[in-house]
>>> print(open('structure_28.tsv').read())   # TSV, C-alpha atoms
chain	number	residue	atom	x	y	z
A	126	GLY	CA	9.55	-101.08	-295.63
A	127	ALA	CA	6.74	-103.20	-297.00
A	128	GLY	CA	3.25	-102.50	-295.77
A	129	VAL	CA	0.39	-104.88	-295.17
A	130	SER	CA	-0.40	-106.91	-298.25
A	131	GLN	CA	-3.54	-108.82	-299.08
A	132	THR	CA	-4.26	-111.38	-301.74
A	133	PRO	CA	-6.14	-111.67	-303.92
A	134	SER	CA	-7.11	-108.08	-304.58
A	135	ASN	CA	-10.38	-109.25	-306.09
A	136	LYS	CA	-12.27	-112.49	-305.68
A	137	VAL	CA	-15.45	-113.43	-307.48
A	138	THR	CA	-17.20	-116.57	-306.37
A	139	GLU	CA	-20.56	-118.26	-306.58
A	140	LYS	CA	-23.02	-118.59	-303.75
A	141	GLY	CA	-22.27	-121.62	-301.65
A	142	LYS	CA	-18.58	-121.80	-302.47
A	143	TYR	CA	-15.66	-121.65	-300.04
A	144	VAL	CA	-13.11	-118.81	-300.16
A	145	GLU	CA	-9.82	-117.98	-298.47
A	146	LEU	CA	-8.43	-114.49	-298.14
A	147	ARG	CA	-4.81	-113.94	-297.18
A	148	CYS	CA	-3.12	-111.21	-295.20
A	149	ASP	CA	0.62	-110.59	-294.85
A	150	PRO	CA	1.21	-108.16	-292.00
A	151	ILE	CA	4.12	-105.81	-291.56
A	152	SER	CA	7.13	-107.78	-290.43
A	153	GLY	CA	7.46	-107.85	-286.65
A	154	HIS	CA	3.86	-106.85	-285.97
A	155	THR	CA	2.33	-109.17	-283.40
A	156	ALA	CA	-1.23	-107.88	-283.60
A	157	LEU	CA	-3.42	-108.52	-286.63
A	158	TYR	CA	-7.00	-107.45	-287.26
A	159	TRP	CA	-9.61	-108.32	-289.87
A	160	TYR	CA	-12.37	-105.88	-290.77
A	161	ARG	CA	-15.17	-105.94	-293.31
A	162	GLN	CA	-16.26	-102.84	-295.21
A	163	SER	CA	-19.56	-102.82	-297.04
A	164	LEU	CA	-20.35	-100.20	-299.66
A	165	GLY	CA	-20.86	-96.78	-298.12
A	166	GLN	CA	-19.98	-97.96	-294.63
A	167	GLY	CA	-17.02	-97.78	-292.33
A	168	PRO	CA	-14.94	-100.87	-291.61
A	169	GLU	CA	-16.49	-103.30	-289.12
A	170	PHE	CA	-14.34	-105.43	-286.85
A	171	LEU	CA	-14.28	-109.17	-287.37
A	172	ILE	CA	-11.39	-110.70	-285.42
A	173	TYR	CA	-8.16	-109.79	-283.65
A	174	PHE	CA	-5.04	-111.95	-283.27
A	175	GLN	CA	-2.29	-111.46	-280.78
A	176	GLY	CA	0.46	-113.74	-282.00
A	177	THR	CA	-1.03	-117.06	-283.09
A	178	GLY	CA	-4.17	-116.89	-281.01
A	179	ALA	CA	-7.47	-115.19	-281.68
A	180	ALA	CA	-7.77	-112.81	-278.75
A	181	ASP	CA	-11.15	-111.47	-279.81
A	182	ASP	CA	-13.44	-113.01	-282.42
A	183	SER	CA	-16.60	-111.27	-281.28
A	184	GLY	CA	-17.07	-109.59	-284.64
A	185	LEU	CA	-17.36	-112.75	-286.72
A	186	PRO	CA	-20.96	-112.74	-287.96
A	187	ASN	CA	-21.55	-116.49	-287.79
A	188	ASP	CA	-19.82	-119.85	-287.83
A	189	ARG	CA	-19.27	-119.73	-291.59
A	190	PHE	CA	-16.43	-117.33	-290.90
A	191	PHE	CA	-13.13	-118.54	-289.49
A	192	ALA	CA	-9.60	-117.17	-289.39
A	193	VAL	CA	-6.20	-118.59	-288.55
A	194	ARG	CA	-2.71	-117.32	-287.97
A	195	PRO	CA	-0.71	-120.51	-287.36
A	196	GLU	CA	2.79	-119.03	-287.18
A	197	GLY	CA	1.96	-115.61	-285.84
A	198	SER	CA	2.54	-113.87	-289.14
A	199	VAL	CA	0.37	-114.55	-292.19
A	200	SER	CA	-3.34	-114.87	-291.54
A	201	THR	CA	-6.09	-116.46	-293.60
A	202	LEU	CA	-9.76	-115.55	-293.36
A	203	LYS	CA	-11.94	-118.45	-294.44
A	204	ILE	CA	-15.58	-118.19	-295.44
A	205	GLN	CA	-17.66	-121.31	-295.97
A	206	ARG	CA	-20.89	-121.57	-297.96
A	207	THR	CA	-20.64	-117.99	-299.13
A	208	GLU	CA	-23.78	-115.90	-299.39
A	209	ARG	CA	-24.49	-112.81	-301.48
A	210	GLY	CA	-24.53	-110.78	-298.28
A	211	ASP	CA	-20.86	-111.62	-297.73
A	212	SER	CA	-19.92	-109.37	-300.65
A	213	ALA	CA	-17.72	-106.61	-299.28
A	214	VAL	CA	-14.13	-105.44	-299.05
A	215	TYR	CA	-12.22	-107.40	-296.43
A	216	LEU	CA	-9.49	-105.35	-294.81
A	217	CYS	CA	-6.55	-106.55	-292.80
A	218	ALA	CA	-4.57	-104.37	-290.41
A	219	SER	CA	-1.52	-105.00	-288.28
A	220	SER	CA	0.14	-103.19	-285.41
A	221	LEU	CA	3.33	-103.59	-283.44
A	222	ALA	CA	1.35	-104.85	-280.47
A	223	GLY	CA	-2.26	-104.87	-279.35
A	224	GLY	CA	-4.00	-101.87	-277.88
A	225	PRO	CA	-5.02	-98.42	-279.07
A	226	LEU	CA	-1.58	-96.90	-278.50
A	227	ASN	CA	-0.24	-98.96	-281.37
A	228	THR	CA	-1.26	-97.63	-284.76
A	229	GLN	CA	-3.13	-100.05	-286.97
A	230	TYR	CA	-1.77	-100.08	-290.52
A	231	PHE	CA	-4.21	-101.26	-293.13
A	232	GLY	CA	-3.75	-103.26	-296.28
A	233	PRO	CA	-5.45	-102.47	-299.60
A	234	GLY	CA	-8.18	-105.01	-299.00
A	235	THR	CA	-9.71	-107.92	-300.90
A	236	ARG	CA	-12.93	-107.15	-302.74
A	237	LEU	CA	-15.14	-110.23	-302.48
A	238	THR	CA	-18.11	-110.56	-304.80
A	239	VAL	CA	-20.53	-113.44	-304.29
A	240	LEU	CA	-22.76	-114.02	-307.30
B	279	ALA	CA	-22.20	-99.25	-276.19
B	280	GLN	CA	-19.66	-97.42	-278.28
B	281	LYS	CA	-20.66	-95.51	-281.37
B	282	VAL	CA	-19.25	-92.98	-283.81
B	283	THR	CA	-21.48	-90.70	-285.85
B	284	GLN	CA	-20.36	-88.77	-288.91
B	285	ALA	CA	-23.47	-86.94	-289.93
B	286	GLN	CA	-22.01	-85.47	-293.12
B	287	THR	CA	-22.20	-88.08	-295.84
B	288	GLU	CA	-20.68	-85.97	-298.60
B	289	ILE	CA	-19.04	-82.56	-298.78
B	290	SER	CA	-17.98	-80.72	-301.92
B	291	VAL	CA	-15.68	-77.72	-301.85
B	292	VAL	CA	-13.56	-75.76	-304.25
B	293	GLU	CA	-9.80	-75.71	-303.88
B	294	LYS	CA	-8.46	-73.36	-301.21
B	295	GLU	CA	-11.67	-73.45	-299.20
B	296	ASP	CA	-11.49	-74.55	-295.59
B	297	VAL	CA	-13.62	-77.54	-294.64
B	298	THR	CA	-14.57	-79.14	-291.33
B	299	LEU	CA	-15.54	-82.77	-290.95
B	300	ASP	CA	-17.68	-83.52	-287.92
B	301	CYS	CA	-17.39	-86.51	-285.63
B	302	VAL	CA	-19.51	-87.26	-282.56
B	303	TYR	CA	-18.80	-90.28	-280.39
B	304	GLU	CA	-20.49	-92.21	-277.60
B	305	THR	CA	-18.74	-94.29	-274.95
B	306	ARG	CA	-19.13	-95.10	-271.27
B	307	ASP	CA	-15.40	-95.56	-270.82
B	308	THR	CA	-13.48	-92.79	-269.11
B	309	THR	CA	-10.33	-93.69	-270.98
B	310	TYR	CA	-10.64	-93.96	-274.72
B	311	TYR	CA	-8.90	-92.99	-277.93
B	312	LEU	CA	-10.13	-91.20	-281.02
B	313	PHE	CA	-8.70	-91.51	-284.49
B	314	TRP	CA	-9.03	-90.12	-287.97
B	315	TYR	CA	-8.20	-92.19	-291.04
B	316	LYS	CA	-8.18	-91.16	-294.70
B	317	GLN	CA	-9.27	-93.55	-297.45
B	318	PRO	CA	-8.23	-92.24	-300.88
B	319	PRO	CA	-9.66	-93.72	-304.08
B	320	SER	CA	-6.94	-96.38	-304.00
B	321	GLY	CA	-8.77	-97.84	-301.01
B	322	GLU	CA	-6.01	-98.15	-298.42
B	323	LEU	CA	-6.83	-96.55	-295.07
B	324	VAL	CA	-4.17	-94.09	-293.96
B	325	PHE	CA	-3.77	-93.16	-290.30
B	326	LEU	CA	-3.90	-89.41	-289.62
B	327	ILE	CA	-4.13	-88.87	-285.88
B	328	ARG	CA	-4.80	-90.48	-282.49
B	329	ARG	CA	-5.99	-88.55	-279.44
B	330	ASN	CA	-6.57	-89.90	-275.92
B	331	SER	CA	-9.47	-88.84	-273.76
B	332	PHE	CA	-7.31	-86.95	-271.31
B	333	ASP	CA	-5.73	-84.67	-273.84
B	334	GLU	CA	-8.12	-82.01	-275.04
B	335	GLN	CA	-5.50	-79.81	-276.61
B	336	ASN	CA	-6.17	-78.99	-280.19
B	337	GLU	CA	-3.60	-80.23	-282.63
B	338	ILE	CA	-2.33	-78.77	-285.86
B	339	SER	CA	-0.28	-80.56	-288.49
B	340	GLY	CA	0.32	-78.49	-291.56
B	341	ARG	CA	-3.05	-77.81	-293.18
B	342	TYR	CA	-4.79	-80.26	-290.84
B	343	SER	CA	-6.16	-79.44	-287.41
B	344	TRP	CA	-8.28	-81.31	-284.92
B	345	ASN	CA	-10.64	-79.97	-282.26
B	346	PHE	CA	-11.44	-82.36	-279.41
B	347	GLN	CA	-14.23	-81.31	-277.05
B	348	LYS	CA	-15.28	-83.78	-274.35
B	349	SER	CA	-18.18	-81.56	-273.31
B	350	THR	CA	-19.88	-82.17	-276.65
B	351	SER	CA	-18.27	-85.60	-277.34
B	352	SER	CA	-16.89	-84.30	-280.59
B	353	PHE	CA	-13.60	-84.69	-282.41
B	354	ASN	CA	-13.79	-82.52	-285.51
B	355	PHE	CA	-11.24	-82.35	-288.30
B	356	THR	CA	-10.51	-79.21	-290.30
B	357	ILE	CA	-8.57	-78.98	-293.54
B	358	THR	CA	-7.36	-75.48	-294.31
B	359	ALA	CA	-6.87	-74.37	-297.91
B	360	SER	CA	-8.11	-77.67	-299.29
B	361	GLN	CA	-6.44	-79.25	-302.29
B	362	VAL	CA	-7.64	-81.70	-304.91
B	363	VAL	CA	-5.41	-84.37	-303.34
B	364	ASP	CA	-7.48	-84.11	-300.17
B	365	SER	CA	-10.37	-85.77	-302.00
B	366	ALA	CA	-11.06	-89.00	-300.14
B	367	VAL	CA	-13.34	-90.65	-297.63
B	368	TYR	CA	-12.47	-89.67	-294.07
B	369	PHE	CA	-13.30	-91.91	-291.14
B	370	CYS	CA	-13.45	-91.07	-287.48
B	371	ALA	CA	-12.90	-94.03	-285.13
B	372	LEU	CA	-13.03	-94.84	-281.43
B	373	SER	CA	-11.20	-97.37	-279.27
B	374	SER	CA	-11.37	-98.08	-275.56
B	375	ASN	CA	-8.35	-98.48	-273.33
B	376	GLN	CA	-8.59	-102.24	-273.30
B	377	ALA	CA	-5.73	-103.98	-275.07
B	378	GLY	CA	-6.65	-105.31	-278.45
B	379	THR	CA	-9.94	-103.52	-278.65
B	380	ALA	CA	-10.83	-102.99	-282.25
B	381	LEU	CA	-11.48	-99.64	-283.83
B	382	ILE	CA	-15.12	-98.64	-284.11
B	383	PHE	CA	-15.56	-96.57	-287.22
B	384	GLY	CA	-18.15	-94.04	-288.30
B	385	LYS	CA	-19.70	-94.33	-291.73
B	386	GLY	CA	-17.28	-91.84	-293.18
B	387	THR	CA	-17.52	-88.49	-294.95
B	388	THR	CA	-16.72	-88.29	-298.64
B	389	LEU	CA	-14.84	-85.09	-299.39
B	390	SER	CA	-14.62	-83.90	-302.97
B	391	VAL	CA	-12.32	-80.98	-303.73
B	392	SER	CA	-12.59	-79.51	-307.20
B	393	SER	CA	-10.11	-77.22	-308.91
>>> encode(input="structure_28.tsv", output="structure tokens")
Amino acid sequence: GAGVSQTPSNKVTEKGKYVELRCDPISGHTALYWYRQSLGQGPEFLIYFQGTGAADDSGLPNDRFFAVRPEGSVSTLKIQRTERGDSAVYLCASSLAGGPLNTQYFGPGTRLTVL
Amino acid sequence: AQKVTQAQTEISVVEKEDVTLDCVYETRDTTYYLFWYKQPPSGELVFLIRRNSFDEQNEISGRYSWNFQKSTSSFNFTITASQVVDSAVYFCALSSNQAGTALIFGKGTTLSVSS
């Protein structure tokens, strides 16, 4: 079946602009995670959704970052007033349910470049 | 605090050599899970294995094997008879028993296998 998909694959924007990154999880997966991966680093957790609600947003770096999942499927990560330091690959993962016993399946990521 | 350390930044081997990737973790939880993911040049993280803290049995899957030792807080990954297709970045990750807890990744080890 189809895996996790993310669009766009690449996004180049200017400092101060607003961007939206989209994640389509595997069908039927109730848990959805966003991570950020900077060059040479491992993925860092941003936010976790169980269904429509954000169950854990402790990884969001500041209030410029926001994510939604209104119907419990597709999720959008929104970044306001982008800064050069936001440049990274943003990864989305989904799992059948929350918790470490459910394997997280990752998408290919969106590479965000802030000029 | 939870932390994963992968001290080897890069490893280069020649095909058919065996190679071991080290992973050391820190956690105060008594119940936790350890993972290995592979990130090939295409960028998509691929799940390899999950191990819970109560199961210290070594595991073998084809050319892959994992050695979990609680006494040294290590979860090392060995590839036997490496192949060029094994070239990738390998990440070790940790998760607690709490539902929805995100994966905490190490910085990864880049493995290059030459023919």
>>> residues_around(input="structure_28.tsv", residues="Glu139 (chain A)", least_positions_apart="3", cutoff="10 Å", atoms="all atoms listed in the file", output="MDAnalysis selection string")
chainID A and resid 142:144 206:209 238:240
>>> interface_residues(input="structure_28.tsv", of="chain B", to="chain A", cutoff="10 Å", atoms="all atoms listed in the file", output="MDAnalysis selection string")
chainID B and resid 287 310:313 317 320:330 367:388
>>> residues_around(input="structure_28.tsv", residues="region 345-347 of chain B", least_positions_apart="5", cutoff="10 Å", atoms="all atoms listed in the file", output="VMD selection string")
chain B and resid 298 300 to 302 312 329 to 331 333 to 338 352 to 356
>>> atom_distance(input="structure_28.tsv", atom1="CA of Gly153 (chain A)", atom2="CA of Gly178 (chain A)")
15.8 Å
>>> axis_aligned_box(input="structure_28.tsv", around="region 160-167 of chain A", padding_each_side="3 Å", output="JSON")
{"center_x": -16.6, "center_y": -101.4, "center_z": -295.2, "size_x": 14.5, "size_y": 15.2, "size_z": 14.9}
>>> closest_residue(input="structure_28.tsv", among="A:Ser130, A:Thr177, A:Ser183, A:Ser163", to="Gly210 (chain A)", atoms="all atoms listed in the file")
A:Ser163
>>> residues_around(input="structure_28.tsv", residues="Ser365 (chain B)", least_positions_apart="5", cutoff="8 Å", atoms="only C-alpha atoms", output="list in words")
Pro318, Thr388, Leu389, Ser390 and Val391 of chain B
